[in-house]
Structure formats: structure tokens, C-alpha cells
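Raw query10.pdb, PDB, C-alpha atoms:
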```
ATOM      1  CA  MET A 386      82.275  81.573  84.478
ATOM      2  CA  LYS A 387      82.878  84.704  86.458
ATOM      3  CA  ASN A 388      84.805  86.296  83.600
ATOM      4  CA  PHE A 389      82.122  85.301  81.115
ATOM      5  CA  PHE A 390      79.345  87.009  83.039
ATOM      6  CA  SER A 391      81.242  89.959  84.467
ATOM      7  CA  ARG A 392      80.935  93.117  82.415
ATOM      8  CA  ARG A 393      83.898  95.300  81.576
ATOM      9  CA  VAL A 394      84.542  97.857  84.346
ATOM     10  CA  ASN A 395      84.338 101.485  83.318
ATOM     11  CA  HIS A 396      87.010 102.988  85.546
ATOM     12  CA  GLU A 397      85.914 106.550  84.895
ATOM     13  CA  GLU A 398      82.644 105.899  86.714
ATOM     14  CA  LEU A 399      84.331 104.695  89.883
ATOM     15  CA  ASP A 400      85.228 106.895  92.826
ATOM     16  CA  ASP A 401      88.763 107.078  94.205
ATOM     17  CA  ARG A 402      88.171 104.521  96.930
ATOM     18  CA  GLU A 403      86.889 101.924  94.467
ATOM     19  CA  LEU A 404      89.746 102.652  92.105
ATOM     20  CA  VAL A 405      92.335 102.173  94.840
ATOM     21  CA  ALA A 406      90.813  98.802  95.736
ATOM     22  CA  LEU A 407      90.951  97.741  92.078
ATOM     23  CA  ALA A 408      94.382  99.242  91.438
ATOM     24  CA  LYS A 409      95.957  96.703  93.760
ATOM     25  CA  GLU A 410      95.345  94.121  90.999
ATOM     26  CA  ASP A 411      94.400  96.153  87.944
ATOM     27  CA  ALA A 412      96.881  98.431  86.178
ATOM     28  CA  GLU A 413      94.106 100.183  84.253
ATOM     29  CA  ALA A 414      92.498 101.259  87.528
ATOM     30  CA  PHE A 415      95.790 102.800  88.587
ATOM     31  CA  GLY A 416      95.903 104.436  85.156
ATOM     32  CA  GLU A 417      92.598 106.157  85.916
ATOM     33  CA  LEU A 418      93.906 107.418  89.267
ATOM     34  CA  TYR A 419      96.971 108.655  87.436
ATOM     35  CA  ALA A 420      94.821 110.481  84.878
ATOM     36  CA  ARG A 421      92.876 112.180  87.678
ATOM     37  CA  TYR A 422      95.877 113.429  89.608
ATOM     38  CA  VAL A 423      98.867 113.740  87.300
ATOM     39  CA  LYS A 424      98.234 117.412  86.468
ATOM     40  CA  LYS A 425      97.733 118.345  90.106
ATOM     41  CA  MET A 426     100.891 116.571  91.196
ATOM     42  CA  TYR A 427     102.902 118.069  88.356
ATOM     43  CA  SER A 428     101.657 121.574  89.100
ATOM     44  CA  TYR A 429     102.438 121.202  92.791
ATOM     45  CA  VAL A 430     105.929 119.815  92.170
ATOM     46  CA  TYR A 431     106.612 122.392  89.464
ATOM     47  CA  HIS A 432     105.899 125.289  91.793
ATOM     48  CA  ARG A 433     108.017 123.724  94.526
ATOM     49  CA  THR A 434     111.020 123.115  92.246
ATOM     50  CA  GLY A 435     110.734 125.950  89.732
ATOM     51  CA  ASN A 436     111.725 123.967  86.652
ATOM     52  CA  SER A 437     109.974 121.528  84.342
ATOM     53  CA  GLN A 438     112.775 118.965  84.137
ATOM     54  CA  ASP A 439     112.818 118.281  87.865
ATOM     55  CA  ALA A 440     109.030 118.543  87.986
ATOM     56  CA  GLU A 441     108.718 115.748  85.417
ATOM     57  CA  ASP A 442     111.310 113.642  87.199
ATOM     58  CA  LEU A 443     109.640 114.052  90.582
ATOM     59  CA  THR A 444     106.133 113.536  89.180
ATOM     60  CA  ALA A 445     107.322 110.225  87.725
ATOM     61  CA  LYS A 446     108.724 109.300  91.137
ATOM     62  CA  VAL A 447     105.463 110.218  92.880
ATOM     63  CA  PHE A 448     103.454 107.836  90.719
ATOM     64  CA  SER A 449     106.101 105.101  90.688
ATOM     65  CA  ARG A 450     106.163 105.170  94.463
ATOM     66  CA  ALA A 451     102.375 105.266  94.701
ATOM     67  CA  TYR A 452     102.113 102.311  92.305
ATOM     68  CA  ALA A 453     104.720 100.351  94.213
ATOM     69  CA  HIS A 454     102.875 100.927  97.517
ATOM     70  CA  ILE A 455      99.245 100.881  96.411
ATOM     71  CA  GLY A 456      98.964  97.278  97.609
ATOM     72  CA  LYS A 457      99.686  98.396 101.167
ATOM     73  CA  TYR A 458      97.534 101.528 101.024
ATOM     74  CA  VAL A 459      94.761 101.492 103.578
ATOM     75  CA  GLU A 460      92.483 104.507 103.760
ATOM     76  CA  ARG A 461      92.560 105.576 107.385
ATOM     77  CA  GLY A 462      90.953 108.967 107.073
ATOM     78  CA  VAL A 463      93.485 110.021 104.439
ATOM     79  CA  PRO A 464      91.970 110.154 100.937
ATOM     80  CA  VAL A 465      94.108 109.114  98.003
ATOM     81  CA  GLN A 466      94.639 112.735  96.946
ATOM     82  CA  ALA A 467      96.097 113.576 100.352
ATOM     83  CA  TRP A 468      98.255 110.445 100.202
ATOM     84  CA  LEU A 469      99.667 111.493  96.806
ATOM     85  CA  TYR A 470     100.361 115.015  98.044
ATOM     86  CA  ARG A 471     102.214 113.606 101.023
ATOM     87  CA  ILE A 472     104.369 111.460  98.744
ATOM     88  CA  ALA A 473     105.032 114.507  96.560
ATOM     89  CA  HIS A 474     105.841 116.649  99.589
ATOM     90  CA  ASN A 475     108.362 114.108 100.917
ATOM     91  CA  LEU A 476     110.038 113.717  97.543
ATOM     92  CA  VAL A 477     110.268 117.486  97.092
ATOM     93  CA  ALA A 478     111.733 117.842 100.596
ATOM     94  CA  ASN A 479     114.425 115.277  99.713
ATOM     95  CA  TRP A 480     115.051 117.064  96.446
ATOM     96  CA  HIS A 481     115.532 120.379  98.263
ATOM     97  CA  ARG A 482     117.973 118.751 100.678
ATOM     98  CA  ASP A 483     119.996 117.442  97.741
ATOM     99  CA  GLN A 484     119.791 120.822  95.984
ATOM    100  CA  SER A 485     120.953 122.761  99.031
ATOM    101  CA  ARG A 486     124.041 120.585  99.097
ATOM    102  CA  ARG A 487     124.669 121.472  95.461
ATOM    103  CA  LYS A 488     123.705 125.151  95.981
ATOM    104  CA  ILE A 489     121.533 125.397  92.865
ATOM    105  CA  ILE A 490     118.464 127.593  92.704
ATOM    106  CA  ALA A 491     116.532 127.126  89.483
ATOM    107  CA  LEU A 492     114.076 129.915  88.845
ATOM    108  CA  ASP A 493     115.102 130.562  85.233
ATOM    109  CA  ASP A 494     112.749 128.009  83.752
ATOM    110  CA  TYR A 495     109.908 129.388  85.819
ATOM    111  CA  VAL A 496     110.485 132.855  84.446
ATOM    112  CA  ALA A 497     110.965 131.522  80.913
ATOM    113  CA  ARG A 498     107.586 129.779  80.993
ATOM    114  CA  SER A 499     105.883 132.914  82.229
ATOM    115  CA  LEU A 500     107.480 134.825  79.381
ATOM    116  CA  GLN A 501     105.918 132.454  76.872
ATOM    117  CA  THR A 502     102.392 132.782  78.185
ATOM    118  CA  GLU A 503     101.890 136.480  78.810
ATOM    119  CA  ALA A 504     101.830 139.593  76.669
ATOM    120  CA  PRO A 505     105.175 141.435  76.578
ATOM    121  CA  GLU A 506     103.797 144.850  77.609
ATOM    122  CA  ARG A 507     102.173 143.417  80.719
ATOM    123  CA  LEU A 508     105.291 141.457  81.522
ATOM    124  CA  ALA A 509     107.375 144.612  81.588
ATOM    125  CA  GLU A 510     105.216 146.017  84.359
ATOM    126  CA  ASP A 511     104.456 142.936  86.423
ATOM    127  CA  GLN A 512     107.261 140.488  85.929
ATOM    128  CA  GLU A 513     109.712 141.926  88.402
ATOM    129  CA  GLU A 514     107.124 142.151  91.162
ATOM    130  CA  ARG A 515     105.888 138.674  90.411
ATOM    131  CA  ASP A 516     109.388 137.211  90.461
ATOM    132  CA  GLN A 517     110.080 138.902  93.770
ATOM    133  CA  LEU A 518     106.920 137.411  95.218
ATOM    134  CA  LEU A 519     107.717 133.923  93.919
ATOM    135  CA  ALA A 520     111.242 134.191  95.276
ATOM    136  CA  ALA A 521     109.803 135.250  98.637
ATOM    137  CA  VAL A 522     107.413 132.278  98.558
ATOM    138  CA  ARG A 523     110.386 129.970  97.943
ATOM    139  CA  ARG A 524     112.179 131.416 100.962
ATOM    140  CA  LEU A 525     109.289 130.427 103.241
ATOM    141  CA  PRO A 526     109.578 127.277 105.351
ATOM    142  CA  GLU A 527     108.397 124.143 103.539
ATOM    143  CA  ASP A 528     105.069 123.818 105.342
ATOM    144  CA  ARG A 529     104.136 127.409 104.472
ATOM    145  CA  GLN A 530     105.009 126.923 100.814
ATOM    146  CA  GLN A 531     102.901 123.785 100.776
ATOM    147  CA  LEU A 532      99.983 125.628 102.337
ATOM    148  CA  LEU A 533     100.086 128.452  99.775
ATOM    149  CA  LEU A 534     100.278 126.063  96.820
ATOM    150  CA  LEU A 535      97.387 123.953  98.059
ATOM    151  CA  LYS A 536      95.325 127.058  98.771
ATOM    152  CA  PHE A 537      96.014 129.065  95.623
ATOM    153  CA  ILE A 538      96.833 126.516  92.948
ATOM    154  CA  GLU A 539      94.658 123.629  94.002
ATOM    155  CA  GLN A 540      92.151 125.926  95.729
ATOM    156  CA  LEU A 541      91.500 123.249  98.326
ATOM    157  CA  PRO A 542      89.374 124.030 101.389
ATOM    158  CA  ASN A 543      91.127 124.309 104.757
ATOM    159  CA  ALA A 544      89.774 120.954 105.950
ATOM    160  CA  GLU A 545      91.367 119.131 103.021
ATOM    161  CA  ILE A 546      94.627 121.050 103.395
ATOM    162  CA  GLY A 547      94.574 119.979 107.037
ATOM    163  CA  GLU A 548      94.195 116.323 105.998
ATOM    164  CA  ILE A 549      97.181 116.587 103.701
ATOM    165  CA  MET A 550      99.359 118.425 106.183
ATOM    166  CA  GLY A 551      98.217 116.503 109.249
ATOM    167  CA  ARG A 552      96.836 119.592 111.058
ATOM    168  CA  THR A 553      93.490 120.841 112.233
ATOM    169  CA  GLU A 554      91.457 123.341 110.227
ATOM    170  CA  GLY A 555      92.077 125.982 112.891
ATOM    171  CA  ALA A 556      95.812 125.376 112.735
ATOM    172  CA  ILE A 557      95.731 125.808 108.960
ATOM    173  CA  LYS A 558      93.916 129.155 109.267
ATOM    174  CA  SER A 559      96.426 130.332 111.836
ATOM    175  CA  LEU A 560      99.384 129.193 109.726
ATOM    176  CA  TYR A 561      97.894 130.997 106.728
ATOM    177  CA  HIS A 562      97.677 134.250 108.681
ATOM    178  CA  ARG A 563     101.289 133.966 109.879
ATOM    179  CA  THR A 564     102.425 133.041 106.369
ATOM    180  CA  LEU A 565     100.834 136.161 104.885
ATOM    181  CA  LEU A 566     102.437 138.347 107.559
ATOM    182  CA  ALA A 567     105.861 136.788 106.969
ATOM    183  CA  LEU A 568     105.503 137.156 103.219
ATOM    184  CA  ARG A 569     104.531 140.802 103.489
ATOM    185  CA  GLU A 570     107.451 141.477 105.795
ATOM    186  CA  ASP A 571     109.840 139.719 103.428
ATOM    187  CA  MET A 572     108.548 141.791 100.499
ATOM    188  CA  GLN A 573     108.779 145.052 102.435
ATOM    189  CA  ARG A 574     111.957 144.612 104.433
ATOM    190  CA  GLY A 575     113.797 141.890 102.531
ATOM    191  CA  PRO A 576     114.765 138.330 103.420
ATOM    192  CA  GLU A 577     117.490 139.520 105.832
ATOM    193  CA  ALA A 578     114.845 140.831 108.241
ATOM    194  CA  ILE A 579     113.101 137.447 108.292
ATOM    195  CA  GLN A 580     116.423 135.680 108.773
ATOM    196  CA  GLN A 581     117.243 137.961 111.698
ATOM    197  CA  ARG A 582     113.835 137.274 113.261
ATOM    198  CA  ARG A 583     114.475 133.528 112.952
ATOM    199  CA  LEU A 584     117.792 133.940 114.717
ATOM    200  CA  ASP A 585     116.148 136.058 117.412
ATOM    201  CA  GLY A 586     113.344 133.529 117.837
ATOM    202  CA  THR A 587     110.703 136.172 117.050
ATOM    203  CA  GLU A 588     109.602 134.811 113.679
ATOM    204  CA  VAL A 589     105.989 135.585 112.715
TER     205      VAL A 589
ATOM    206  CA  MET B  82      95.300 128.800 121.874
ATOM    207  CA  ALA B  83      94.162 131.609 119.565
ATOM    208  CA  SER B  84      92.205 134.527 121.025
ATOM    209  CA  SER B  85      88.737 135.387 119.715
ATOM    210  CA  SER B  86      90.088 138.415 117.824
ATOM    211  CA  GLU B  87      92.727 136.214 116.200
ATOM    212  CA  ILE B  88      90.079 133.689 115.184
ATOM    213  CA  GLN B  89      88.039 136.549 113.757
ATOM    214  CA  THR B  90      91.043 137.706 111.720
ATOM    215  CA  HIS B  91      91.670 134.153 110.484
ATOM    216  CA  ASP B  92      88.056 133.840 109.337
ATOM    217  CA  LEU B  93      88.197 137.248 107.707
ATOM    218  CA  LEU B  94      91.349 136.323 105.773
ATOM    219  CA  ASP B  95      89.695 133.125 104.691
ATOM    220  CA  ALA B  96      86.626 134.968 103.442
ATOM    221  CA  VAL B  97      88.731 137.563 101.613
ATOM    222  CA  THR B  98      90.802 134.828  99.956
ATOM    223  CA  ALA B  99      87.667 133.002  98.799
ATOM    224  CA  ARG B 100      86.245 136.209  97.334
ATOM    225  CA  ILE B 101      89.445 137.002  95.459
ATOM    226  CA  GLN B 102      89.631 133.450  94.132
ATOM    227  CA  ASN B 103      86.035 133.728  92.929
ATOM    228  CA  GLY B 104      86.922 136.890  91.032
ATOM    229  CA  ASP B 105      85.048 139.240  93.369
ATOM    230  CA  GLY B 106      86.737 142.307  94.760
ATOM    231  CA  ALA B 107      87.788 142.597  98.378
ATOM    232  CA  ASP B 108      87.667 146.381  98.699
ATOM    233  CA  ASP B 109      84.625 146.368 100.976
ATOM    234  CA  TYR B 110      86.588 144.329 103.516
ATOM    235  CA  ARG B 111      89.368 146.907 103.486
ATOM    236  CA  GLU B 112      86.944 149.696 104.256
ATOM    237  CA  ARG B 113      85.094 148.011 107.100
ATOM    238  CA  SER B 114      85.717 149.689 110.421
ATOM    239  CA  GLU B 115      85.943 146.413 112.344
ATOM    240  CA  SER B 116      88.659 145.064 110.026
ATOM    241  CA  PRO B 117      92.091 144.857 111.634
ATOM    242  CA  PRO B 118      94.542 147.496 110.365
ATOM    243  CA  GLU B 119      96.870 144.889 108.877
ATOM    244  CA  LEU B 120      94.083 143.506 106.659
ATOM    245  CA  SER B 121      94.440 146.124 103.963
ATOM    246  CA  ALA B 122      98.097 145.218 103.344
ATOM    247  CA  LEU B 123      97.360 141.516 103.533
ATOM    248  CA  VAL B 124      94.602 141.819 100.932
ATOM    249  CA  GLY B 125      97.251 143.143  98.529
ATOM    250  CA  THR B 126      99.449 140.133  99.302
ATOM    251  CA  ILE B 127      96.538 137.739  98.750
ATOM    252  CA  GLN B 128      95.740 139.383  95.409
ATOM    253  CA  ALA B 129      99.385 139.147  94.333
ATOM    254  CA  LEU B 130      99.521 135.470  95.331
ATOM    255  CA  HIS B 131      96.316 134.774  93.429
ATOM    256  CA  GLN B 132      97.838 136.258  90.291
ATOM    257  CA  ALA B 133     101.269 134.657  90.666
ATOM    258  CA  LEU B 134     100.369 131.152  91.778
ATOM    259  CA  THR B 135      98.511 129.616  88.867
ATOM    260  CA  PRO B 136      98.316 125.949  87.785
ATOM    261  CA  VAL B 137     100.971 124.721  85.377
ATOM    262  CA  GLU B 138     100.208 121.850  83.006
ATOM    263  CA  PRO B 139     102.702 119.120  82.107
ATOM    264  CA  ARG B 140     103.636 118.355  78.502
ATOM    265  CA  PRO B 141     101.073 115.946  76.952
ATOM    266  CA  GLU B 142     103.927 113.736  75.677
ATOM    267  CA  PHE B 143     105.272 113.424  79.216
ATOM    268  CA  VAL B 144     101.825 112.520  80.591
ATOM    269  CA  GLU B 145     101.324 109.880  77.895
ATOM    270  CA  SER B 146     104.757 108.309  78.175
ATOM    271  CA  LEU B 147     104.641 108.125  81.976
ATOM    272  CA  ARG B 148     101.208 106.510  81.812
ATOM    273  CA  ALA B 149     102.489 103.974  79.305
ATOM    274  CA  ASP B 150     105.498 103.212  81.548
ATOM    275  CA  LEU B 151     103.290 102.724  84.598
ATOM    276  CA  ILE B 152     100.633 100.638  82.871
ATOM    277  CA  ALA B 153     103.196  98.514  81.026
ATOM    278  CA  GLY B 154     104.179  97.001  84.335
ATOM    279  CA  ARG B 155     105.730  97.747  87.636
ATOM    280  CA  PRO B 156     109.072  99.452  87.063
ATOM    281  CA  GLY B 157     111.996  97.110  86.543
ATOM    282  CA  VAL B 158     115.194  97.089  88.570
ATOM    283  CA  VAL B 159     117.023  99.398  86.180
ATOM    284  CA  ALA B 160     114.164 101.921  86.153
ATOM    285  CA  ARG B 161     113.984 101.819  89.944
ATOM    286  CA  VAL B 162     117.704 102.427  90.276
ATOM    287  CA  GLN B 163     117.472 105.284  87.779
ATOM    288  CA  ARG B 164     114.702 106.908  89.814
ATOM    289  CA  MET B 165     116.612 106.686  93.090
ATOM    290  CA  PRO B 166     118.494 109.714  94.432
ATOM    291  CA  ARG B 167     121.950 109.876  92.884
ATOM    292  CA  ARG B 168     123.874 109.039  96.063
ATOM    293  CA  ILE B 169     121.713 105.962  96.695
ATOM    294  CA  SER B 170     122.058 104.683  93.127
ATOM    295  CA  LEU B 171     125.831 105.268  93.392
ATOM    296  CA  ALA B 172     125.944 103.281  96.631
ATOM    297  CA  ALA B 173     123.847 100.517  95.023
ATOM    298  CA  ALA B 174     126.197 100.411  92.017
ATOM    299  CA  LEU B 175     129.279 100.242  94.274
ATOM    300  CA  ALA B 176     127.711  97.455  96.342
ATOM    301  CA  LEU B 177     126.905  95.557  93.138
ATOM    302  CA  VAL B 178     130.467  95.925  91.822
ATOM    303  CA  ALA B 179     131.945  94.905  95.198
ATOM    304  CA  GLY B 180     129.656  91.854  95.311
ATOM    305  CA  CYS B 181     130.606  90.764  91.795
ATOM    306  CA  LEU B 182     134.298  91.245  92.595
ATOM    307  CA  LEU B 183     133.965  89.168  95.754
ATOM    308  CA  ILE B 184     132.248  86.320  93.869
ATOM    309  CA  PHE B 185     134.880  86.468  91.112
ATOM    310  CA  LEU B 186     137.793  86.359  93.597
ATOM    311  CA  ARG B 187     136.272  83.484  95.552
ATOM    312  CA  ARG B 188     135.793  81.480  92.380
ATOM    313  CA  LEU B 189     139.332  82.283  91.277
ATOM    314  CA  PHE B 190     140.903  81.001  94.504
ATOM    315  CA  ASP B 191     138.530  78.039  94.881
ATOM    316  CA  SER B 192     138.989  76.798  91.285
ATOM    317  CA  GLU B 193     141.815  74.362  92.198
ATOM    318  CA  PRO B 194     140.839  71.675  94.749
ATOM    319  CA  PRO B 195     142.774  71.665  98.047
ATOM    320  CA  PRO B 196     146.004  69.544  98.071
ATOM    321  CA  GLU B 197     144.641  66.750 100.349
ATOM    322  CA  ILE B 198     141.737  66.083  97.961
ATOM    323  CA  GLN B 199     144.178  65.918  95.037
ATOM    324  CA  GLU B 200     146.280  63.327  96.921
ATOM    325  CA  GLU B 201     143.188  61.217  97.669
ATOM    326  CA  ALA B 202     142.223  61.269  94.019
ATOM    327  CA  VAL B 203     145.647  59.930  93.055
ATOM    328  CA  ALA B 204     145.532  57.188  95.727
ATOM    329  CA  THR B 205     142.135  55.809  94.656
ATOM    330  CA  PRO B 206     142.564  52.561  92.618
ATOM    331  CA  LEU B 207     140.960  52.420  89.200
TER     332      LEU B 207
END
```
Could you rewrite the structure in this file as C-alpha cells?
Amino acid sequence: MKNFFSRRVNHEELDDRELVALAKEDAEAFGELYARYVKKMYSYVYHRTGNSQDAEDLTAKVFSRAYAHIGKYVERGVPVQAWLYRIAHNLVANWHRDQSRRKIIALDDYVARSLQTEAPERLAEDQEERDQLLAAVRRLPEDRQQLLLLKFIEQLPNAEIGEIMGRTEGAIKSLYHRTLLALREDMQRGPEAIQQRRLDGTEV
Amino acid sequence: MASSSEIQTHDLLDAVTARIQNGDGADDYRERSESPPELSALVGTIQALHQALTPVEPRPEFVESLRADLIAGRPGVVARVQRMPRRISLAAALALVAGCLLIFLRRLFDSEPPPEIQEEAVATPL
């Protein structure tokens, strides 16, 4: 009787919280969550890894893990977007640990994609500077990289970044300031200066 | 605990970043007398980050196929093993092989009944 009278749910009209509740039983509801966040997760992972192959692999893992654990998900002040970013962050951190053991740094694909999307004359002028900046971003500690990606790519407000990173809004602002200073120093004086500061315990 | 001047700088950086992201210039901030001296250089860094860090879209085929995989059902054992880190899937494969080998060896040695049971079988009258 219930099925006879119940109308078909239009998942697109539901908010994230309602979708999560449905997704515990309904694959289509999870499909809608996936549609809402797949591009964001991919973009985040892509910038953290620097190549599309690993970005696809890790994006698949993010959603597989989310799907496997959606039944246990309870929203305790952490919205589903923040939950997905945390999963992505943990997977990327594991990936970096594995990569550092293999000593592979993959920036080639990143550069190749940029080459496809921009005019050649502009590339000649900007590409080197841009690559240097991206390399400097990659040398930052993980939390600082995460902050920059959430701020510039996702353009999230500080409060939401704080939810994802488990920090207060004030702490995010402070970290942002220190990140900019460290980045500028890296660009001006090179990564060795930053490394030396870390060893000295005087890191910005 | 951040000082009031630090908090002011943090708020200023936040405002400058928002303006750059909205496509407005940040030159007026550079020229303000109350702006900290480091701000001018940091504005350049913010502008460079804004230009370099842009969203990247996945391939539509990838998005479609992953959706189909997820909706088709929860991932099977093989898919889960494939998505594990390599060292974990290697350990899982080794454990599986060792388990199979153990079962095979036990069956091999247990296939003939022990001698006392054989004797009893012979002694039982028809």
C-alpha cells in the first residue's frame, strides 16, 4: 500500500542531509550526492596529486569509501561535503606516503593539461612562473596545501574550511597568513631556505 | 593568542583575497597607509595563486563509468582488493594463497583414515 501511494522521489530537490538519510538504503540517492560532489573531489585530488590518472583512481576510492560507510555516517556538525573532503584528504595523505617511498613526483601531466588549455604566446611568458608557484605549493605542509586548494579552487569561506580541517575560523585565517609568508619566502629564496628554517625551528 | 595587529592583518588578507576572487583589483589596499608593509608582496602572491589554482574537471566518461559502478551495487571483493593500496592487496593475496595451501595440505594428509580406524573397520563382522 505504501509503495502504491508513495510518489517517486525527485532526488535533485532534496538537500544533502535528506539525501544522506536516503542513501543508506537507496543507491540513486547516493548517485545524486555523487553528482553534486564528484567534480569538487576530483579537482581537489587532482591538484594534490598533479596527474589525472591518480586523481581518477583516488576519486573512485573517495566515493567507494563514502558509499561503504554512508550507513554509519551521522552528521555531528560535519556536513557531508566536509566529510567527503576529509576522506579525500586522508586518501591523498596515504598516497603521498606511498609516493615518497617510491620517490616519484608527477607534475608533467599538470603542465601538459595547462598547455592544452591556454594560448601558446601567453604560456611562454607565464608558464615558468606558474610552474614554480605550483611546485612551491606542493612543497608546503599538507594542511597548508589543503587550505589553499579549499580557498582558491573551491572558494569556500573560512568557517567551512575550518569545519573540514577541524580548526576554528581564527586559526584558519592565521594559517592562511603564515602560508602566504612561507610561499613568498620559498619563491624568493628557494626551498632550501624554508628547509633550513624547519631545521632551525623558526618556520613561518 | 594572536595580537590585535595580527588579527587586523588576517582580516585584511581575507578581504584582499575576496576582492581578487571577485575580479576586483586590490591596488587600493596596497596604497593604504595603515596596511602592513608585507601586504604589498602578499597581494602579488594572492593574485598569482588565484591565477594558478583553478578548478579542473574530470573526463565525462570517467564520471559516468564511476557512477554506473557505484549505482550498480556496492563494490565486490575483487573491486575492493583492486582499490586497496598495493602493499595491502599484496598482503591479502599472500594470506589467501597461504590459507588455500594450508587447507590443501591438511586435506592431503587427512585423506587416509588413521590406522586404528582401519583396523576397526576390518574387525567389524558383516
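For chain A, the residues no farther than 6 Å from chain B when using only C-alpha atoms are Ala412, Lys424, Ser428, Ile538 and Lys558 of chain A.
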List the spatial neighbours of segment 474-485 of chain A as a CSV table (one decimal) with C-alpha atoms, keeping the file's coordinate frame - criterion: any atom at most 12 Å away, all atoms listed in the file, same-chain residues fewer than 3 positions off excluded.
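So the final result, stored in around.csv, reads:
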```csv
chain,number,residue,atom,x,y,z
A,426,MET,CA,100.9,116.6,91.2
A,427,TYR,CA,102.9,118.1,88.4
A,429,TYR,CA,102.4,121.2,92.8
A,430,VAL,CA,105.9,119.8,92.2
A,431,TYR,CA,106.6,122.4,89.5
A,432,HIS,CA,105.9,125.3,91.8
A,433,ARG,CA,108.0,123.7,94.5
A,434,THR,CA,111.0,123.1,92.2
A,435,GLY,CA,110.7,126.0,89.7
A,439,ASP,CA,112.8,118.3,87.9
A,440,ALA,CA,109.0,118.5,88.0
A,441,GLU,CA,108.7,115.7,85.4
A,442,ASP,CA,111.3,113.6,87.2
A,443,LEU,CA,109.6,114.1,90.6
A,444,THR,CA,106.1,113.5,89.2
A,445,ALA,CA,107.3,110.2,87.7
A,446,LYS,CA,108.7,109.3,91.1
A,447,VAL,CA,105.5,110.2,92.9
A,448,PHE,CA,103.5,107.8,90.7
A,449,SER,CA,106.1,105.1,90.7
A,450,ARG,CA,106.2,105.2,94.5
A,451,ALA,CA,102.4,105.3,94.7
A,467,ALA,CA,96.1,113.6,100.4
A,468,TRP,CA,98.3,110.4,100.2
A,469,LEU,CA,99.7,111.5,96.8
A,470,TYR,CA,100.4,115.0,98.0
A,471,ARG,CA,102.2,113.6,101.0
A,488,LYS,CA,123.7,125.2,96.0
A,489,ILE,CA,121.5,125.4,92.9
A,490,ILE,CA,118.5,127.6,92.7
A,491,ALA,CA,116.5,127.1,89.5
A,523,ARG,CA,110.4,130.0,97.9
A,524,ARG,CA,112.2,131.4,101.0
A,526,PRO,CA,109.6,127.3,105.4
A,527,GLU,CA,108.4,124.1,103.5
A,528,ASP,CA,105.1,123.8,105.3
A,529,ARG,CA,104.1,127.4,104.5
A,530,GLN,CA,105.0,126.9,100.8
A,531,GLN,CA,102.9,123.8,100.8
A,532,LEU,CA,100.0,125.6,102.3
A,534,LEU,CA,100.3,126.1,96.8
A,535,LEU,CA,97.4,124.0,98.1
A,549,ILE,CA,97.2,116.6,103.7
A,550,MET,CA,99.4,118.4,106.2
B,164,ARG,CA,114.7,106.9,89.8
B,165,MET,CA,116.6,106.7,93.1
B,166,PRO,CA,118.5,109.7,94.4
B,167,ARG,CA,122.0,109.9,92.9
B,168,ARG,CA,123.9,109.0,96.1
B,169,ILE,CA,121.7,106.0,96.7
```
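Interatomic distance, atom CA of Ala173 of chain B to atom CA of Ala473 of chain A: 23.5 Å.
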Quick one, how far is atom CA of Ala521 of chain A from atom CA of Thr564 of chain A?
10.9 Å
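Atom CA of Arg569 of chain A is positioned 23.3 Å from atom CA of Ser85 of chain B.
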If we count only C-alpha atoms and set the cut-off at 12 Å, which residues sit around Asn103 of chain B, ignoring sequence neighbours fewer than 3 positions away in its own chain? Please answer as a list in words.
Phe537 and Gln540 of chain A; Ala96, Val97, Thr98, Ala99, Arg100, Gly106, Ala107, Gln128 and His131 of chain B
Could you list the residues chosen by the PyMOL selection byres ((chain A and resi 405) around 10) in this structure as a ChimeraX atom specification?
/A:399-404,406-411,414-415,417-418,455-456,458-460,465
Missing atoms in segment 555-559 of chain A: can you complete it with all heavy atoms, as a PDB file, in the coordinates of the input?
```pdb
ATOM      1  N   GLY A 555      91.704 124.757 112.174  1.00  0.00           N
ATOM      2  CA  GLY A 555      92.077 125.982 112.891  1.00  0.00           C
ATOM      3  C   GLY A 555      93.568 126.270 112.769  1.00  0.00           C
ATOM      4  O   GLY A 555      93.977 127.424 112.597  1.00  0.00           O
ATOM      5  N   ALA A 556      94.352 125.204 112.852  1.00  0.00           N
ATOM      6  CA  ALA A 556      95.812 125.376 112.735  1.00  0.00           C
ATOM      7  C   ALA A 556      96.191 125.849 111.335  1.00  0.00           C
ATOM      8  O   ALA A 556      97.127 126.646 111.170  1.00  0.00           O
ATOM      9  CB  ALA A 556      96.513 124.061 113.059  1.00  0.00           C
ATOM     10  N   ILE A 557      95.457 125.375 110.342  1.00  0.00           N
ATOM     11  CA  ILE A 557      95.731 125.808 108.960  1.00  0.00           C
ATOM     12  C   ILE A 557      95.409 127.302 108.807  1.00  0.00           C
ATOM     13  O   ILE A 557      96.187 128.063 108.213  1.00  0.00           O
ATOM     14  CB  ILE A 557      94.904 124.966 107.950  1.00  0.00           C
ATOM     15  CG1 ILE A 557      95.370 123.508 107.959  1.00  0.00           C
ATOM     16  CG2 ILE A 557      94.958 125.549 106.537  1.00  0.00           C
ATOM     17  CD1 ILE A 557      96.796 123.275 107.506  1.00  0.00           C
ATOM     18  N   LYS A 558      94.291 127.726 109.355  1.00  0.00           N
ATOM     19  CA  LYS A 558      93.916 129.155 109.267  1.00  0.00           C
ATOM     20  C   LYS A 558      94.969 130.023 109.944  1.00  0.00           C
ATOM     21  O   LYS A 558      95.343 131.086 109.444  1.00  0.00           O
ATOM     22  CB  LYS A 558      92.558 129.367 109.947  1.00  0.00           C
ATOM     23  CG  LYS A 558      91.385 128.901 109.122  1.00  0.00           C
ATOM     24  CD  LYS A 558      90.104 129.229 109.859  1.00  0.00           C
ATOM     25  CE  LYS A 558      88.875 128.771 109.104  1.00  0.00           C
ATOM     26  NZ  LYS A 558      87.642 129.078 109.822  1.00  0.00           N
ATOM     27  N   SER A 559      95.423 129.568 111.093  1.00  0.00           N
ATOM     28  CA  SER A 559      96.426 130.332 111.836  1.00  0.00           C
ATOM     29  C   SER A 559      97.748 130.385 111.065  1.00  0.00           C
ATOM     30  O   SER A 559      98.391 131.435 110.966  1.00  0.00           O
ATOM     31  CB  SER A 559      96.619 129.671 113.206  1.00  0.00           C
ATOM     32  OG  SER A 559      97.707 130.215 113.853  1.00  0.00           O
TER      33      SER A 559
END
```
